[in-house]
>>> print(open('model-v3.txt').read())   # compact mmCIF, C-alpha atoms
# COMPACT_ATOMS: atom_id res chain seq x y z
CA MET A 14 47.94 -141.93 147.11
CA PHE A 15 47.49 -140.86 143.48
CA TYR A 16 44.88 -143.39 142.42
CA ASN A 17 41.45 -144.46 143.59
CA LYS A 18 42.13 -147.55 145.69
CA LYS A 19 38.44 -148.55 145.86
CA LEU A 20 38.00 -148.34 142.09
CA THR A 21 41.19 -150.35 141.58
CA ALA A 22 39.93 -152.97 144.04
CA THR A 23 36.57 -153.20 142.28
CA ARG A 24 38.16 -153.52 138.86
CA LEU A 25 40.56 -156.24 139.97
CA LYS A 26 37.74 -158.26 141.49
CA GLU A 27 35.60 -157.84 138.36
CA LEU A 28 38.50 -158.89 136.14
CA ARG A 29 39.16 -161.96 138.28
CA LEU A 30 35.51 -162.98 138.15
CA GLU A 31 35.35 -162.39 134.37
CA LYS A 32 38.23 -164.84 133.97
CA GLY A 33 36.63 -167.30 136.39
CA TYR A 34 39.66 -167.40 138.69
CA THR A 35 39.61 -167.96 142.41
CA MET A 36 41.75 -165.74 144.64
CA GLN A 37 44.05 -168.71 145.20
CA GLU A 38 44.50 -169.20 141.45
CA VAL A 39 45.33 -165.52 140.96
CA ALA A 40 47.82 -165.63 143.83
CA GLU A 41 49.55 -168.62 142.23
CA LYS A 42 49.53 -167.10 138.74
CA ILE A 43 51.12 -163.83 139.83
CA ASP A 44 53.44 -165.42 142.37
CA ILE A 45 51.90 -164.13 145.59
CA LYS A 46 52.35 -166.54 148.48
CA ASN A 47 49.07 -165.97 150.25
CA ARG A 48 45.59 -165.58 148.75
CA SER A 49 44.73 -163.22 151.62
CA ASN A 50 46.91 -160.62 149.86
CA ILE A 51 44.54 -160.83 146.89
CA TYR A 52 41.59 -160.39 149.24
CA GLU A 53 43.17 -157.31 150.81
CA ILE A 54 43.85 -155.74 147.40
CA GLU A 55 40.37 -156.57 146.07
CA HIS A 56 38.73 -155.08 149.18
CA ALA A 57 40.88 -151.91 149.19
CA LYS A 58 42.49 -152.88 152.49
CA SER A 59 45.93 -152.67 150.94
CA GLY A 60 47.37 -150.69 148.06
CA LEU A 61 48.71 -151.97 144.78
CA ASN A 62 52.38 -151.40 144.02
CA ILE A 63 53.66 -151.15 140.46
CA ASP A 64 55.23 -154.63 140.38
CA ARG A 65 51.96 -156.30 141.31
CA ALA A 66 50.02 -154.00 139.01
CA PHE A 67 52.18 -155.18 136.09
CA LYS A 68 51.47 -158.78 137.04
CA PHE A 69 47.73 -158.17 137.22
CA SER A 70 47.74 -156.32 133.90
CA ASP A 71 49.62 -159.19 132.25
CA LEU A 72 47.29 -161.79 133.76
CA TYR A 73 44.09 -159.97 132.81
CA ASN A 74 45.46 -158.48 129.57
CA VAL A 75 44.43 -154.93 130.46
CA SER A 76 46.27 -151.64 130.76
CA LEU A 77 47.74 -150.27 133.96
CA ASP A 78 45.65 -147.15 133.43
CA TYR A 79 42.51 -149.26 133.53
CA ILE A 80 43.58 -151.10 136.69
CA TYR A 81 44.44 -147.85 138.47
CA GLY A 82 41.18 -146.22 137.39
CA LEU A 83 42.93 -143.61 135.26
CA SER A 84 41.11 -144.74 132.13
CA ASN A 85 38.07 -146.76 131.16
CA ASN A 86 40.00 -148.23 128.24
CA LYS A 87 41.16 -151.79 128.93
CA ASP A 88 43.46 -151.81 125.89
CA ASN A 89 46.92 -152.91 126.94
CA LYS A 90 48.77 -152.08 123.73
CA ASN A 91 50.98 -149.70 125.70
CA LEU A 92 51.65 -152.20 128.47
CA ILE A 93 55.30 -152.41 129.45
CA ASN A 94 56.85 -154.58 132.13
CA THR A 95 59.70 -153.53 134.40
CA ASN A 96 62.36 -155.29 132.31
CA GLU A 97 61.11 -153.55 129.16
CA LEU A 98 61.05 -150.23 131.00
CA ASP A 99 64.70 -150.72 131.98
CA ALA A 100 65.61 -151.51 128.37
CA VAL A 101 63.69 -148.52 127.00
CA LEU A 102 65.23 -146.15 129.52
CA GLU A 103 68.72 -147.47 128.87
CA PHE A 104 68.64 -146.89 125.12
CA GLY A 105 68.10 -143.47 123.71
CA VAL A 106 65.39 -141.87 125.81
CA THR A 107 65.52 -138.11 125.53
CA TYR A 108 63.54 -135.29 127.02
CA ASN A 109 63.61 -131.81 125.50
CA GLY A 110 66.39 -132.99 123.21
CA LYS A 111 68.66 -134.17 126.02
CA SER A 112 69.51 -137.78 126.87
CA LEU A 113 68.59 -139.03 130.32
CA THR A 114 71.52 -139.65 132.64
CA ASN A 115 71.69 -142.64 134.99
CA THR A 116 70.65 -140.32 137.81
CA ASP A 117 67.67 -139.13 135.73
CA ILE A 118 66.61 -142.73 135.09
CA ILE A 119 66.83 -143.62 138.78
CA ALA A 120 64.79 -140.54 139.66
CA LEU A 121 62.18 -141.31 136.99
CA LYS A 122 61.78 -144.91 138.18
CA ALA A 123 61.48 -143.72 141.78
CA PHE A 124 58.85 -141.21 140.70
CA LEU A 125 56.85 -143.91 138.89
CA GLN A 126 57.11 -146.19 141.93
CA GLY A 127 55.94 -143.36 144.16
CA LEU A 128 52.97 -142.67 141.90
CA THR A 129 51.72 -146.20 142.21
CA SER A 130 52.71 -147.25 145.70
CA ASP A 131 50.50 -147.25 148.76
CA LYS A 132 51.30 -144.22 150.91
>>> encode(input="model-v3.txt", output="structure tokens")
Amino acid sequence: MFYNKKLTATRLKELRLEKGYTMQEVAEKIDIKNRSNIYEIEHAKSGLNIDRAFKFSDLYNVSLDYIYGLSNNKDNKNLINTNELDAVLEFGVTYNGKSLTNTDIIALKAFLQGLTSDK
């Protein structure tokens, strides 16, 4: 795992309480079927995958870096959802002056998923 699961759990709980949401309300707002999943994430019993992290960052209006404990800056100005990521990667992304191929894009997305998934 490449992030601090306990710090992420603490931050998500703090953000929920700041907004005054119950676990059930958060589950409903981010389309999770069972509030126990929120409990498990907030108590570091389960990891946080990138799809759910995006949903939390949208709900709480904070950056993914903040949620994952990679930054103390809550600013979400660089927040991008998975649909936007697909669009950005599809149009004109280059690295070292070379355009990314479809294989490169698949590999990059898999890498990002691996960075943020529970191992």
>>> closest_residue(input="model-v3.txt", among="A:Glu31, A:Asp88, A:Glu38, A:Asp117", to="Ser70 of chain A", atoms="only C-alpha atoms")
A:Asp88
>>> residues_around(input="model-v3.txt", residues="Tyr73 of chain A", least_positions_apart="6", cutoff="12 Å", atoms="all atoms listed in the file", output="PyMOL selection string")
chain A and resi 24-34+39+42-43+66-67+79-80+87-89+92
>>> closest_residue(input="model-v3.txt", among="A:Ile54, A:Leu61, A:Leu113, A:Leu20", to="Ser84 of chain A", atoms="only C-alpha atoms")
A:Leu20
>>> closest_residue(input="model-v3.txt", among="A:Leu98, A:Phe69, A:Thr116, A:Met36", to="Arg48 of chain A", atoms="only C-alpha atoms")
A:Met36
>>> atom_distance(input="model-v3.txt", atom1="atom CA of Thr21 of chain A", atom2="atom CA of Tyr81 of chain A")
5.1 Å
>>> atom_distance(input="model-v3.txt", atom1="atom CA of Ile63 of chain A", atom2="atom CA of Gly110 of chain A")
28.1 Å
>>> closest_residue(input="model-v3.txt", among="A:Leu77, A:Asp44, A:Lys19, A:Asp71", to="His56 of chain A", atoms="all atoms listed in the file")
A:Lys19
>>> atom_distance(input="model-v3.txt", atom1="atom CA of Lys122 of chain A", atom2="atom CA of Thr107 of chain A")
14.8 Å
>>> axis_aligned_box(input="model-v3.txt", around="segment 74-77 of chain A", padding_each_side="8 Å", output="lines of an AutoDock Vina configuration file")
center_x = 46.1
center_y = -154.4
center_z = 131.8
size_x = 19.3
size_y = 24.2
size_z = 20.4
>>> closest_residue(input="model-v3.txt", among="A:Asn85, A:Ser49, A:Lys18, A:Ala40", to="Lys68 of chain A", atoms="all atoms listed in the file")
A:Ala40
>>> build_atoms(input="model-v3.txt", residues="segment 18-29 of chain A", atoms="N, CA and C atoms", output="PDB file, in the frame of the given file")
ATOM      1  N   LYS A  18      41.915-146.185 145.233  1.00  0.00           N
ATOM      2  CA  LYS A  18      42.130-147.550 145.690  1.00  0.00           C
ATOM      3  C   LYS A  18      40.858-148.400 145.615  1.00  0.00           C
ATOM      4  N   LYS A  19      39.703-147.792 145.905  1.00  0.00           N
ATOM      5  CA  LYS A  19      38.440-148.550 145.860  1.00  0.00           C
ATOM      6  C   LYS A  19      38.078-148.934 144.425  1.00  0.00           C
ATOM      7  N   LEU A  20      38.275-148.015 143.485  1.00  0.00           N
ATOM      8  CA  LEU A  20      38.000-148.340 142.090  1.00  0.00           C
ATOM      9  C   LEU A  20      38.946-149.423 141.598  1.00  0.00           C
ATOM     10  N   THR A  21      40.216-149.323 141.946  1.00  0.00           N
ATOM     11  CA  THR A  21      41.190-150.350 141.580  1.00  0.00           C
ATOM     12  C   THR A  21      40.772-151.694 142.138  1.00  0.00           C
ATOM     13  N   ALA A  22      40.370-151.727 143.406  1.00  0.00           N
ATOM     14  CA  ALA A  22      39.930-152.970 144.040  1.00  0.00           C
ATOM     15  C   ALA A  22      38.743-153.568 143.303  1.00  0.00           C
ATOM     16  N   THR A  23      37.772-152.732 142.984  1.00  0.00           N
ATOM     17  CA  THR A  23      36.570-153.200 142.280  1.00  0.00           C
ATOM     18  C   THR A  23      36.928-153.763 140.918  1.00  0.00           C
ATOM     19  N   ARG A  24      37.779-153.054 140.198  1.00  0.00           N
ATOM     20  CA  ARG A  24      38.160-153.520 138.860  1.00  0.00           C
ATOM     21  C   ARG A  24      38.914-154.841 138.917  1.00  0.00           C
ATOM     22  N   LEU A  25      39.811-154.987 139.872  1.00  0.00           N
ATOM     23  CA  LEU A  25      40.560-156.240 139.970  1.00  0.00           C
ATOM     24  C   LEU A  25      39.640-157.410 140.300  1.00  0.00           C
ATOM     25  N   LYS A  26      38.686-157.187 141.160  1.00  0.00           N
ATOM     26  CA  LYS A  26      37.740-158.260 141.490  1.00  0.00           C
ATOM     27  C   LYS A  26      36.896-158.601 140.266  1.00  0.00           C
ATOM     28  N   GLU A  27      36.397-157.588 139.572  1.00  0.00           N
ATOM     29  CA  GLU A  27      35.600-157.840 138.360  1.00  0.00           C
ATOM     30  C   GLU A  27      36.399-158.595 137.315  1.00  0.00           C
ATOM     31  N   LEU A  28      37.656-158.208 137.118  1.00  0.00           N
ATOM     32  CA  LEU A  28      38.500-158.890 136.140  1.00  0.00           C
ATOM     33  C   LEU A  28      38.735-160.347 136.528  1.00  0.00           C
ATOM     34  N   ARG A  29      38.957-160.582 137.809  1.00  0.00           N
ATOM     35  CA  ARG A  29      39.160-161.960 138.280  1.00  0.00           C
ATOM     36  C   ARG A  29      37.918-162.799 138.016  1.00  0.00           C
TER      37      ARG A  29
END
